[in-house]
Each structure stands twice: as structure tokens, then as C-alpha cells.
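Data from target_2.txt: compact mmCIF, C-alpha atoms
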# COMPACT_ATOMS: atom_id res chain seq x y z
CA MET A 182 72.09 101.00 137.38
CA ARG A 183 70.45 102.96 140.16
CA GLU A 184 67.84 100.21 140.45
CA ALA A 185 70.53 97.56 140.60
CA TYR A 186 72.15 99.53 143.41
CA GLN A 187 68.91 99.77 145.39
CA SER A 188 68.36 96.05 144.97
CA ASP A 189 71.95 95.40 146.12
CA LEU A 190 71.20 97.38 149.27
CA ARG A 191 68.05 95.36 149.84
CA HIS A 192 70.07 92.17 149.43
CA ILE A 193 72.39 93.30 152.21
CA VAL A 194 69.40 93.48 154.54
CA ASP A 195 68.11 90.12 153.30
CA ASP A 196 71.54 88.61 153.97
CA LEU A 197 71.48 89.95 157.53
CA LEU A 198 68.03 88.44 158.04
CA ASP A 199 69.20 85.10 156.62
CA MET A 200 72.15 85.14 159.02
CA ALA A 201 69.75 85.87 161.88
CA ASP A 202 67.60 82.87 160.83
CA LEU A 203 70.65 80.60 160.76
CA VAL A 204 71.71 81.79 164.21
CA GLY A 205 68.20 81.32 165.62
CA THR A 206 68.11 77.74 164.32
CA ALA A 207 71.59 77.09 165.74
CA LEU A 208 70.57 78.46 169.13
CA GLU A 209 67.51 76.23 169.46
CA ALA A 210 69.40 73.15 168.27
CA ALA A 211 72.37 73.89 170.53
CA THR A 212 70.16 74.18 173.60
CA THR A 213 68.27 70.99 172.69
CA SER A 214 71.57 69.14 172.25
CA LEU A 215 72.69 70.48 175.63
CA LEU A 216 69.55 69.69 177.61
CA GLU A 217 68.79 66.36 175.90
CA GLY A 218 72.40 65.21 175.58
CA ASP A 219 71.92 64.75 171.84
CA LEU A 220 75.45 64.25 170.53
CA GLY A 221 74.48 64.04 166.85
CA LEU A 222 72.58 67.32 167.06
CA ALA A 223 75.52 68.98 168.85
CA GLU A 224 77.84 67.81 166.04
CA ARG A 225 75.51 69.30 163.43
CA VAL A 226 75.36 72.66 165.21
CA ILE A 227 79.17 72.75 165.45
CA ALA A 228 79.56 71.87 161.77
CA ALA A 229 76.89 74.38 160.66
CA ASP A 230 78.74 77.31 162.23
CA THR A 231 81.09 77.45 159.23
CA HIS A 232 78.06 78.31 157.04
CA ILE A 233 77.32 81.32 159.24
CA ASP A 234 80.97 82.37 159.03
CA GLU A 235 80.84 82.07 155.22
CA ARG A 236 77.68 84.16 155.07
CA GLN A 237 79.44 86.90 156.99
CA VAL A 238 82.41 86.89 154.62
CA GLU A 239 80.01 87.12 151.64
CA LEU A 240 78.01 89.93 153.22
CA ASP A 241 81.15 91.90 154.17
CA THR A 242 82.54 91.51 150.68
CA LYS A 243 79.30 92.76 149.10
CA ALA A 244 79.12 95.71 151.50
CA VAL A 245 82.72 96.78 150.82
CA GLU A 246 82.15 96.45 147.05
CA LEU A 247 79.08 98.69 147.31
CA LEU A 248 81.03 101.24 149.34
CA ALA A 249 83.69 101.26 146.64
CA ARG A 250 81.42 101.26 143.56
CA GLN A 251 78.57 103.48 144.72
CA ALA A 252 80.18 105.92 147.16
CA PRO A 253 76.94 105.96 149.14
CA VAL A 254 76.08 108.84 151.45
CA ALA A 255 73.57 109.49 154.23
CA GLY A 256 71.19 106.58 154.90
CA ASP A 257 72.73 104.23 152.33
CA LEU A 258 76.18 104.74 153.82
CA ARG A 259 74.86 104.21 157.33
CA LEU A 260 73.15 101.02 156.18
CA LEU A 261 76.40 99.57 154.86
CA VAL A 262 78.42 100.64 157.90
CA ALA A 263 75.77 99.27 160.26
CA ALA A 264 75.58 96.04 158.21
CA LEU A 265 79.32 95.50 158.62
CA ARG A 266 78.91 95.76 162.40
CA MET A 267 75.73 93.68 162.49
CA SER A 268 77.31 90.87 160.47
CA SER A 269 80.05 90.69 163.11
CA SER A 270 77.52 90.39 165.91
CA LEU A 271 75.54 87.70 164.09
CA GLU A 272 78.68 85.72 163.32
CA ARG A 273 79.71 85.96 166.96
CA MET A 274 76.26 84.85 168.09
CA GLY A 275 76.74 81.80 165.87
CA ASP A 276 80.07 81.08 167.56
CA LEU A 277 78.36 81.26 170.94
CA CYS A 278 75.71 78.75 169.83
CA ALA A 279 78.51 76.44 168.67
CA HIS A 280 80.19 76.87 172.07
CA VAL A 281 77.00 75.67 173.77
CA ALA A 282 77.00 72.62 171.49
CA LEU A 283 80.70 72.04 172.21
CA VAL A 284 79.94 71.84 175.93
CA ALA A 285 77.13 69.35 175.15
CA ARG A 286 79.55 67.26 173.06
CA ARG A 287 82.31 67.27 175.64
CA THR A 288 80.12 66.28 178.55
CA HIS A 289 78.19 63.59 176.62
CA PRO A 290 76.91 61.09 177.73
CA GLU A 291 76.63 63.11 180.94
CA LEU A 292 74.35 66.15 180.90
CA ALA A 293 76.28 69.38 181.49
CA VAL A 294 73.29 71.04 183.14
CA PRO A 295 72.20 69.62 186.51
CA ALA A 296 68.42 69.08 186.81
CA ARG A 297 68.03 72.01 189.19
CA HIS A 298 69.24 74.44 186.49
CA ARG A 299 67.49 72.97 183.43
CA GLU A 300 64.58 75.39 183.44
CA GLN A 301 66.84 78.40 183.91
CA ILE A 302 69.05 77.40 180.99
CA ALA A 303 66.02 76.65 178.81
CA ARG A 304 64.62 80.08 179.67
CA MET A 305 67.94 81.79 178.89
CA SER A 306 67.89 80.14 175.47
CA GLU A 307 64.26 81.21 174.88
CA LEU A 308 65.09 84.79 175.83
CA GLY A 309 68.12 84.84 173.55
CA GLY A 310 66.04 83.49 170.67
CA ALA A 311 63.26 85.99 171.30
CA ALA A 312 65.74 88.89 171.45
CA LEU A 313 67.30 87.70 168.18
CA ARG A 314 63.93 87.40 166.39
CA GLU A 315 62.88 90.83 167.63
CA ALA A 316 66.21 92.32 166.52
CA ALA A 317 65.70 90.79 163.06
CA GLN A 318 62.25 92.37 162.95
CA VAL A 319 63.79 95.74 163.82
CA ILE A 320 66.37 95.26 161.03
CA ALA A 321 63.67 94.26 158.53
CA ASP A 322 61.26 97.12 159.33
CA ARG A 323 63.74 99.76 160.53
CA ASP A 324 61.12 100.18 163.22
CA LEU A 325 62.66 100.77 166.63
CA ALA A 326 59.38 100.12 168.45
CA LEU A 327 60.57 96.59 169.27
CA ALA A 328 63.98 97.76 170.49
CA ALA A 329 62.74 98.20 174.06
CA GLN A 330 61.56 94.57 174.09
CA VAL A 331 65.03 93.39 173.06
CA GLU A 332 66.53 95.35 175.94
CA LYS A 333 63.93 93.86 178.29
CA ASP A 334 64.75 90.30 177.19
CA ASP A 335 68.43 91.04 177.64
CA GLU A 336 67.86 92.36 181.16
CA GLU A 337 65.96 89.20 182.07
CA LEU A 338 68.88 87.19 180.61
CA ASP A 339 71.32 89.17 182.75
CA ASP A 340 69.21 88.58 185.84
CA LEU A 341 69.06 84.85 185.14
CA MET A 342 72.82 84.69 184.70
CA LEU A 343 73.32 86.36 188.06
CA GLU A 344 70.68 84.12 189.68
CA VAL A 345 72.32 80.93 188.42
CA SER A 346 75.82 82.10 189.29
CA ARG A 347 74.76 83.02 192.82
CA GLU A 348 73.07 79.64 193.26
CA ILE A 349 76.22 77.90 192.07
CA SER A 350 78.51 79.98 194.27
CA ARG A 351 76.38 79.36 197.36
CA GLY A 352 75.19 75.86 196.50
CA GLU A 353 76.55 72.40 197.21
CA GLY A 354 76.78 69.11 195.37
CA TYR A 355 78.42 70.43 192.20
CA THR A 356 81.65 69.07 190.80
CA ASN A 357 84.22 71.71 189.82
CA GLY A 358 83.72 70.64 186.22
CA GLN A 359 79.99 71.32 186.48
CA VAL A 360 80.69 74.77 187.88
CA VAL A 361 83.12 75.53 185.04
CA ASP A 362 80.58 74.39 182.43
CA LEU A 363 77.62 76.23 183.96
CA THR A 364 79.66 79.41 184.30
CA LEU A 365 80.60 79.24 180.62
CA LEU A 366 77.08 78.34 179.50
CA ILE A 367 75.31 81.17 181.29
CA ARG A 368 77.93 83.56 179.96
CA PHE A 369 77.40 82.31 176.38
CA TYR A 370 73.63 82.89 176.62
CA GLU A 371 74.09 86.28 178.28
CA ARG A 372 76.45 87.37 175.49
CA ILE A 373 73.91 86.32 172.87
CA GLY A 374 71.47 88.78 174.49
CA ASP A 375 74.13 91.52 174.49
CA HIS A 376 74.70 91.03 170.76
CA ALA A 377 70.95 91.23 170.09
CA VAL A 378 70.92 94.58 171.90
CA SER A 379 73.87 95.76 169.82
CA LEU A 380 72.00 94.78 166.63
CA VAL A 381 69.05 97.03 167.45
CA ARG A 382 71.36 99.86 168.55
CA ARG A 383 72.99 99.69 165.15
CA VAL A 384 69.60 99.98 163.53
CA GLY A 385 69.24 103.07 165.72
CA PHE A 386 72.41 104.44 164.12
CA LEU A 387 71.07 103.50 160.71
CA VAL A 388 67.76 105.28 161.27
CA THR A 389 68.84 108.28 163.32
CA GLY A 390 72.52 108.70 162.44
CA ASP A 391 73.43 108.60 166.12
CA SER A 392 76.82 107.15 166.87
CA LEU A 393 77.40 103.44 166.38
CA ASP A 394 77.00 101.80 169.74
CA THR A 395 79.81 100.29 171.69
CA LEU A 396 78.85 96.80 172.69
CA ASN A 397 78.80 97.28 176.44
CA GLU A 398 77.47 94.67 178.80
CA ARG A 399 74.97 96.10 181.22
CA VAL A 400 75.44 93.19 183.53
CA ASP A 401 78.29 93.70 185.92
CA VAL A 402 80.05 90.34 186.28
CA SER A 403 81.27 91.62 189.61
CA GLU A 404 77.73 91.03 190.86
CA PHE A 405 78.26 87.29 190.47
CA MET B 60 92.14 119.30 150.51
CA ARG B 61 93.82 116.11 149.37
CA GLU B 62 96.49 116.69 151.98
CA ALA B 63 93.88 117.25 154.66
CA TYR B 64 92.28 113.96 153.63
CA GLN B 65 95.58 112.07 153.88
CA SER B 66 96.19 113.56 157.29
CA ASP B 67 92.66 112.55 158.36
CA LEU B 68 93.47 108.98 157.35
CA ARG B 69 96.69 109.09 159.35
CA HIS B 70 94.73 110.37 162.33
CA ILE B 71 92.47 107.32 162.13
CA VAL B 72 95.52 105.11 162.52
CA ASP B 73 96.85 107.29 165.34
CA ASP B 74 93.49 107.00 167.10
CA LEU B 75 93.62 103.20 166.83
CA LEU B 76 97.13 103.22 168.31
CA ASP B 77 95.98 105.52 171.13
CA MET B 78 93.13 103.14 171.89
CA ALA B 79 95.60 100.23 171.93
CA ASP B 80 97.77 102.15 174.42
CA LEU B 81 94.80 102.80 176.68
CA VAL B 82 93.82 99.13 176.57
CA GLY B 83 97.38 98.00 177.30
CA THR B 84 97.52 100.27 180.35
CA ALA B 85 94.11 99.02 181.50
CA LEU B 86 95.21 95.40 181.12
CA GLU B 87 98.33 95.80 183.26
CA ALA B 88 96.48 97.77 185.91
CA ALA B 89 93.57 95.32 185.97
CA THR B 90 95.87 92.35 186.49
CA THR B 91 97.81 94.18 189.22
CA SER B 92 94.56 95.05 190.98
CA LEU B 93 93.51 91.40 190.69
CA LEU B 94 96.73 89.80 191.91
CA GLU B 95 97.53 92.42 194.59
CA GLY B 96 93.94 92.96 195.71
CA ASP B 97 94.30 96.70 195.07
CA LEU B 98 90.75 98.01 195.29
CA GLY B 99 91.60 101.61 194.40
CA LEU B 100 93.41 100.52 191.26
CA ALA B 101 90.49 98.27 190.30
CA GLU B 102 88.12 101.23 190.67
CA ARG B 103 90.33 103.36 188.42
CA VAL B 104 90.44 100.69 185.71
CA ILE B 105 86.64 100.34 185.80
CA ALA B 106 86.15 104.12 185.62
CA ALA B 107 88.71 104.53 182.80
CA ASP B 108 86.84 102.14 180.50
CA THR B 109 84.40 104.92 179.60
CA HIS B 110 87.34 106.84 178.06
CA ILE B 111 88.08 103.89 175.78
CA ASP B 112 84.39 103.71 174.84
CA GLU B 113 84.39 107.43 174.03
CA ARG B 114 87.49 107.06 171.89
CA GLN B 115 85.73 104.39 169.87
CA VAL B 116 82.70 106.60 169.28
CA GLU B 117 84.99 109.46 168.14
CA LEU B 118 86.95 107.19 165.84
CA ASP B 119 83.82 105.63 164.33
CA THR B 120 82.32 109.06 163.73
CA LYS B 121 85.49 110.27 161.99
CA ALA B 122 85.65 107.14 159.84
CA VAL B 123 82.02 107.40 158.74
CA GLU B 124 82.48 111.12 157.95
CA LEU B 125 85.50 110.30 155.79
CA LEU B 126 83.55 107.58 153.99
CA ALA B 127 80.79 110.11 153.28
CA ARG B 128 82.96 113.09 152.32
CA GLN B 129 85.80 111.41 150.42
CA ALA B 130 84.19 108.34 148.86
CA PRO B 131 87.51 106.52 149.27
CA VAL B 132 88.39 103.50 147.15
CA ALA B 133 90.96 100.70 147.26
CA GLY B 134 93.40 100.96 150.14
CA ASP B 135 91.86 104.06 151.71
CA LEU B 136 88.44 102.41 151.76
CA ARG B 137 89.89 99.22 153.24
CA LEU B 138 91.65 101.29 155.90
CA LEU B 139 88.38 102.88 157.01
CA VAL B 140 86.44 99.61 156.93
CA ALA B 141 89.20 97.82 158.84
CA ALA B 142 89.41 100.69 161.33
CA LEU B 143 85.69 100.37 162.07
CA ARG B 144 86.22 96.70 162.90
CA MET B 145 89.45 97.28 164.82
CA SER B 146 87.87 99.98 166.98
CA SER B 147 85.22 97.44 168.01
CA SER B 148 87.86 94.90 169.00
CA LEU B 149 89.83 97.46 170.99
CA GLU B 150 86.72 98.69 172.77
CA ARG B 151 85.81 95.10 173.61
CA MET B 152 89.34 94.43 174.90
CA GLY B 153 88.84 97.42 177.19
CA ASP B 154 85.59 95.91 178.47
CA LEU B 155 87.41 92.66 179.20
CA CYS B 156 90.08 94.52 181.21
CA ALA B 157 87.30 96.22 183.17
CA HIS B 158 85.74 92.79 183.78
CA VAL B 159 89.01 91.59 185.32
CA ALA B 160 89.01 94.64 187.59
CA LEU B 161 85.35 94.03 188.47
CA VAL B 162 86.25 90.54 189.71
CA ALA B 163 89.09 92.07 191.77
CA ARG B 164 86.67 94.61 193.25
CA ARG B 165 83.99 92.06 194.08
CA THR B 166 86.31 89.61 195.80
CA HIS B 167 88.23 92.28 197.74
CA PRO B 168 89.60 91.97 200.44
CA GLU B 169 89.94 88.32 199.39
CA LEU B 170 92.14 87.55 196.40
CA ALA B 171 90.15 86.01 193.53
CA VAL B 172 93.15 84.03 192.30
CA PRO B 173 94.40 81.23 194.59
CA ALA B 174 98.19 81.19 195.08
CA ARG B 175 98.58 78.08 192.94
CA HIS B 176 97.25 79.93 189.88
CA ARG B 177 98.90 83.34 190.36
CA GLU B 178 101.76 82.70 187.95
CA GLN B 179 99.44 81.33 185.28
CA ILE B 180 97.16 84.38 185.47
CA ALA B 181 100.13 86.76 185.46
CA ARG B 182 101.47 84.98 182.39
CA MET B 183 98.09 85.15 180.63
CA SER B 184 98.06 88.91 181.24
CA GLU B 185 101.64 89.24 179.92
CA LEU B 186 100.75 87.30 176.80
CA GLY B 187 97.64 89.40 176.20
CA GLY B 188 99.66 92.59 176.61
CA ALA B 189 102.40 91.34 174.29
CA ALA B 190 99.85 90.31 171.65
CA LEU B 191 98.22 93.74 171.89
CA ARG B 192 101.53 95.63 171.56
CA GLU B 193 102.54 93.48 168.60
CA ALA B 194 99.14 94.03 166.97
CA ALA B 195 99.56 97.81 167.43
CA GLN B 196 102.98 97.54 165.76
CA VAL B 197 101.38 95.71 162.84
CA ILE B 198 98.72 98.45 162.58
CA ALA B 199 101.36 101.20 162.74
CA ASP B 200 103.72 99.68 160.15
CA ARG B 201 101.22 97.72 158.03
CA ASP B 202 103.91 95.09 158.31
CA LEU B 203 102.48 91.60 158.77
CA ALA B 204 105.85 90.15 159.80
CA LEU B 205 104.78 90.34 163.46
CA ALA B 206 101.39 88.74 162.82
CA ALA B 207 102.74 85.24 163.38
CA GLN B 208 103.99 86.27 166.83
CA VAL B 209 100.53 87.51 167.76
CA GLU B 210 99.06 84.14 166.76
CA LYS B 211 101.78 82.40 168.77
CA ASP B 212 101.02 84.44 171.89
CA ASP B 213 97.34 83.70 171.43
CA GLU B 214 97.98 79.97 171.16
CA GLU B 215 99.99 80.05 174.39
CA LEU B 216 97.07 81.94 175.98
CA ASP B 217 94.66 79.26 174.77
CA ASP B 218 96.90 76.52 176.15
CA LEU B 219 97.12 78.26 179.53
CA MET B 220 93.35 78.64 179.67
CA LEU B 221 92.92 74.91 179.06
CA GLU B 222 95.66 74.07 181.57
CA VAL B 223 94.05 76.15 184.32
CA SER B 224 90.56 74.89 183.57
CA ARG B 225 91.73 71.27 183.66
CA GLU B 226 93.51 71.86 186.97
CA ILE B 227 90.35 73.42 188.40
CA SER B 228 88.09 70.65 187.12
CA ARG B 229 90.33 67.93 188.52
CA GLY B 230 91.58 69.79 191.58
CA GLU B 231 90.33 70.08 195.13
CA GLY B 232 90.07 72.78 197.78
CA TYR B 233 88.33 75.38 195.65
CA THR B 234 85.10 77.05 196.67
CA ASN B 235 82.43 77.16 193.94
CA GLY B 236 82.84 80.94 193.91
CA GLN B 237 86.56 80.57 193.20
CA VAL B 238 85.82 78.21 190.33
CA VAL B 239 83.29 80.66 188.86
CA ASP B 240 85.76 83.56 189.13
CA LEU B 241 88.72 81.64 187.71
CA THR B 242 86.61 80.35 184.82
CA LEU B 243 85.56 83.89 183.97
CA LEU B 244 89.06 85.32 184.40
CA ILE B 245 90.83 82.85 182.13
CA ARG B 246 88.10 83.36 179.56
CA PHE B 247 88.54 87.16 179.71
CA TYR B 248 92.30 86.87 179.11
CA GLU B 249 91.82 84.32 176.35
CA ARG B 250 89.33 86.60 174.59
CA ILE B 251 91.82 89.49 174.76
CA GLY B 252 94.22 87.28 172.80
CA ASP B 253 91.52 86.44 170.26
CA HIS B 254 90.83 90.13 169.68
CA ALA B 255 94.56 90.82 169.17
CA VAL B 256 94.56 88.13 166.49
CA SER B 257 91.51 89.70 164.86
CA LEU B 258 93.30 93.08 164.81
CA VAL B 259 96.22 91.74 162.80
CA ARG B 260 93.89 89.81 160.49
CA ARG B 261 92.13 93.09 159.73
CA VAL B 262 95.47 94.64 158.87
CA GLY B 263 95.80 91.66 156.53
CA PHE B 264 92.57 92.71 154.86
CA LEU B 265 93.81 96.30 154.74
CA VAL B 266 97.09 95.32 153.08
CA THR B 267 96.00 92.47 150.85
CA GLY B 268 92.27 93.09 150.31
CA ASP B 269 91.53 89.57 151.52
CA SER B 270 88.19 89.16 153.24
CA LEU B 271 87.70 90.68 156.67
CA ASP B 272 88.26 87.93 159.18
CA THR B 273 85.52 86.45 161.27
CA LEU B 274 86.61 86.52 164.87
CA ASN B 275 86.81 82.80 165.47
CA GLU B 276 88.28 81.31 168.58
CA ARG B 277 90.82 78.64 167.80
CA VAL B 278 90.52 77.22 171.25
CA ASP B 279 87.73 74.73 171.51
CA VAL B 280 86.06 75.30 174.87
CA SER B 281 84.91 71.70 174.66
CA GLU B 282 88.52 70.79 175.48
CA PHE B 283 87.98 72.22 178.94

Using the file provided, produce a representation of the structure as C-alpha cells.
Amino acid sequence: MREAYQSDLRHIVDDLLDMADLVGTALEAATTSLLEGDLGLAERVIAADTHIDERQVELDTKAVELLARQAPVAGDLRLLVAALRMSSSLERMGDLCAHVALVARRTHPELAVPARHREQIARMSELGGAALREAAQVIADRDLALAAQVEKDDEELDDLMLEVSREISRGEGYTNGQVVDLTLLIRFYERIGDHAVSLVRRVGFLVTGDSLDTLNERVDVSEF
Amino acid sequence: MREAYQSDLRHIVDDLLDMADLVGTALEAATTSLLEGDLGLAERVIAADTHIDERQVELDTKAVELLARQAPVAGDLRLLVAALRMSSSLERMGDLCAHVALVARRTHPELAVPARHREQIARMSELGGAALREAAQVIADRDLALAAQVEKDDEELDDLMLEVSREISRGEGYTNGQVVDLTLLIRFYERIGDHAVSLVRRVGFLVTGDSLDTLNERVDVSEF
């Protein structure tokens, strides 16, 4: 019984890591569909988001069942509480990947990202993916050593968002539609970084018992 | 002891309602600062967001303590789990209000919202505030009768976001900076509506035991 309980707790962590894998795959595919104008790939990313949503519902249900059946305390309780928050962040990251693909689908056959911003958007996607992989590592090992790297990636993401938005605001030769799309896209990538930071902060709660973080954005959109 | 526990559970609900009040006040003030170009008011909204963040940390801490001490089951457990999700949504709604005020502060003394969009933005703020008040009512009464109205307000918010974004994309006489700001602003208001919907869905979980919702956006940004 006790063993079954411990293995249930391990499965919660495995489920979080599976969700993180799904989101990482969605992020790469969404960015490829965006930058290459690959409509079929965009459609697949959009369709696949329902799987991530379903995984969250399954994970939440398991976690609530364990809370009810096992009345966990201390670290086990913190794990389940943190998992319920982390599953929300991962699900939301999946939504944001789908949003990127939705922009790719809507603008097809045009490319939503003008050539002068391709590298910046590709880099934002890389940073989001790196932050997500590092956060998953932190979840798997409960080792906060990598947490600082996640924050660093997120800061670079924030800086890129501000850089792109300033270039747009001061630049010429954009249609209004391009400005709308780019503004949304850089915000989607920046939010993915914020959620990665919140994931590692929740591992901090899990390990140290410090308060659950509030998901604040360090970037001040007023700097745009 | 049992009585103390029941009163602790009631306090969790009271804390959620207090957070909802703070967010509602922040939303009205943020929109006033935006539409009137009131820099002092914008500063106060930005500063006040830390209070909402602190309230979330207090509420989360209480909820986790109750989970540990009381090992609640059934409805009491669902209340605490739902409260942990609802506090996240309310804290995020507070961030979004602060983001509106940050745009007001950055653009001051200019107005971020061109005259032709003032009424639409004012209406989006009204709808967000109404959805929030209705969601608080649903939380207070555990009565899902109002839930449909929250969804209705959110749909009108989604429609307004699409209307404004289409007008921007097809319109003329905007600076790129105005397009960036308007795109962010309508997204902030639309997200406030989404979070109000997620609040009432979590009351649904609390009352019925159905799965915790995933916070999906019904609006498809690809319709922009």
C-alpha cells in the first residue's frame, strides 16, 4: 500500500515530465510552422494541444485522488500542491505554442515574421525550449542548481521581446497586421519563459517549503 | 476544533472574495488611468499589485496548512484545491490590470488609446469587471446560475478584441507604437475575461467534483 503510494507520487512527476516533453515538441514544431510557413505542421500543432489539455486533466485528477486517499503531509503534500500548479503552467505553455501555430495558419501563405525579425523569433523559441528543458530537469532531479539558468534564459527572452517591440515601434515598412502579429508572437514566447520560471519556483516550494510563487512577469511591458 | 476548521474554510472563501474586490478596484482604476491619462492613478494601480500578490501568498499558505493539518476529503478538499487555482487566476488578473496601468504610464502624457477606440476599450473593461463580480458571486454562493453570464461577458470581450484588432489591421493613421499598445491592451482585457471564466469553472469542480478546468481561450487569435 505504502509502496503503491510512493509509486503513485513518482508517476505524478513522470506525468509532469511527459507534459513538458509534449510542450517542448509543440514549441519547436510551432516555430518551424511559423518561420517556414508550413500549414500542415501548424494544423498538427493546433490539433495536438488537446492531448496536452487531456494530460493535465488526468494529472490533476490523480493528484486530487492522492490528496484524498493518502492525506499526505510535508514533502509529499508539497509535491502534490506544486504538481497542481505546474500542470497549469505546462498546459498554458501548450496553449501558447498553439497560438504561435494559429498565427502561422492565419497568415499562410504569407509569412507572419518579416525577414528582419526571423533570427530574433527563432532565438526566442530556442530560449523558451531551453528554459523548458532545464525546468523539466529541475523537476526530475529536485535540484535547483539549474534554476538560475532558467531565469537567465527568461531574462534574455524578455530583452529580445523589448528589442523587437522597440524595432517595430520605431521602424517602417510594416503593415498594421504585421505589427499586430509580431506583438502577439513575441508576447507568446515571452510568456513561455515566464511559465518556465514559475515551474522552477514551484520546485523551490517543493524542496524548501517556501511559499508558492506568484507568476509575476519581470519584464515591464511599459518598457515597450 | 471542528468549528475552528470550518471557520478556517470560510476564511479561505472570504480571502478569495477580498482578492476579487482588490482586482475589481484595480481594473476600474487602471482603465481610468488609461483613458484619462492619469499618471498618478496609474502609479497607484502598479504599486497596489504587490498587495494582491501578498494576498495570494497568504491564501496559498493557509490552504496548504489546512490540507496538512485537517486532511480534508470530498467537498472540503475540493474547496482547498479549487482555491489554490482560483488564487492564481486572481493574482494573474491583478497583473493584467497593472499591465494596463503600465501602458498608461509609458504613453503619458499621450493617450495610448486613439479616440476611435475609446468606447471599445471602456466596454472591454466594463465587461471584465462584470465577469469578475459575477464570478465572485458564484464563489460566494456556490451557485452556478450566474456562470452562464460570465461566459456571455467573456464572449462579448472576445468579439470586441477581434473587432478592434480587425479595425487596426485594416485601418490607417496609426503609428506602429499605437498598434503595439492596442494589441497588448485588448489582449490584457480579453485574458481578464478568460480568467473570470476559469474561476467559475473551478467553482463547478468544487460543487460537482468534475475535473478542474484547463484555462483555454475560446477566442482563436488566428481570427485576428

- Query: In terms of the shortest atom-to-atom distance over all atoms listed in the file, which of B:Thr109, B:Gln196, B:Ser66, B:Thr166 is closest to B:Ser92?
  - Reply: B:Thr166

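Any residue of chain A with an atom within 6 Å of chain B counts; using only C-alpha atoms, that gives Ala249, Ala252, Val254, Leu283, Val284, Arg287, Ser350, Asn357, Gly358, Val361, Thr364 and Ser403 of chain A.
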
Could you turn the residues from that selection into a file that holds C-alpha atoms, as a short mmCIF file (atom, residue, chain, number, x, y, z; two decimals), in the coordinates of the input?
data_model
loop_
_atom_site.label_atom_id
_atom_site.label_comp_id
_atom_site.auth_asym_id
_atom_site.auth_seq_id
_atom_site.Cartn_x
_atom_site.Cartn_y
_atom_site.Cartn_z
CA ALA A 249 83.69 101.26 146.64
CA ALA A 252 80.18 105.92 147.16
CA VAL A 254 76.08 108.84 151.45
CA LEU A 283 80.70 72.04 172.21
CA VAL A 284 79.94 71.84 175.93
CA ARG A 287 82.31 67.27 175.64
CA SER A 350 78.51 79.98 194.27
CA ASN A 357 84.22 71.71 189.82
CA GLY A 358 83.72 70.64 186.22
CA VAL A 361 83.12 75.53 185.04
CA THR A 364 79.66 79.41 184.30
CA SER A 403 81.27 91.62 189.61
#

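Distance-wise, atom CA of B:Met220 and atom CA of B:Ile245 end up 5.5 Å apart.
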
- Task: Determine, counting all atoms listed in the file, which protein, DNA and RNA residues have an atom within 8 Å of an atom of A:Ala377; residues of the same chain fewer than 3 positions away are not included. Present the result as an MDAnalysis selection string.
- Result: chainID A and resid 270 309 312:313 316 331 335 373:374 380:381

- Which neighbours of stretch 103-105 of chain B fall inside 6 Å, counting only C-alpha atoms, when residues of the same chain fewer than 3 positions from it are skipped, and could you give them as a list in words?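 In the requested form, the answer reads Ala85, Leu100, Asp108 and Ala157 of chain B.
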
- Task: Could you please determine the separation between atom CA of B:Leu138 and atom CA of B:Ser184 in Å, to one decimal place?
- Result: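 Taking atom CA of B:Leu138 as the start and atom CA of B:Ser184 as the end point, the length is 28.9 Å.
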
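Considering the residues A:Ala311, A:Lys243, A:Leu208, A:Asp334 and counting all atoms listed in the file, A:His192 has its shortest atom-to-atom contact with A:Lys243.
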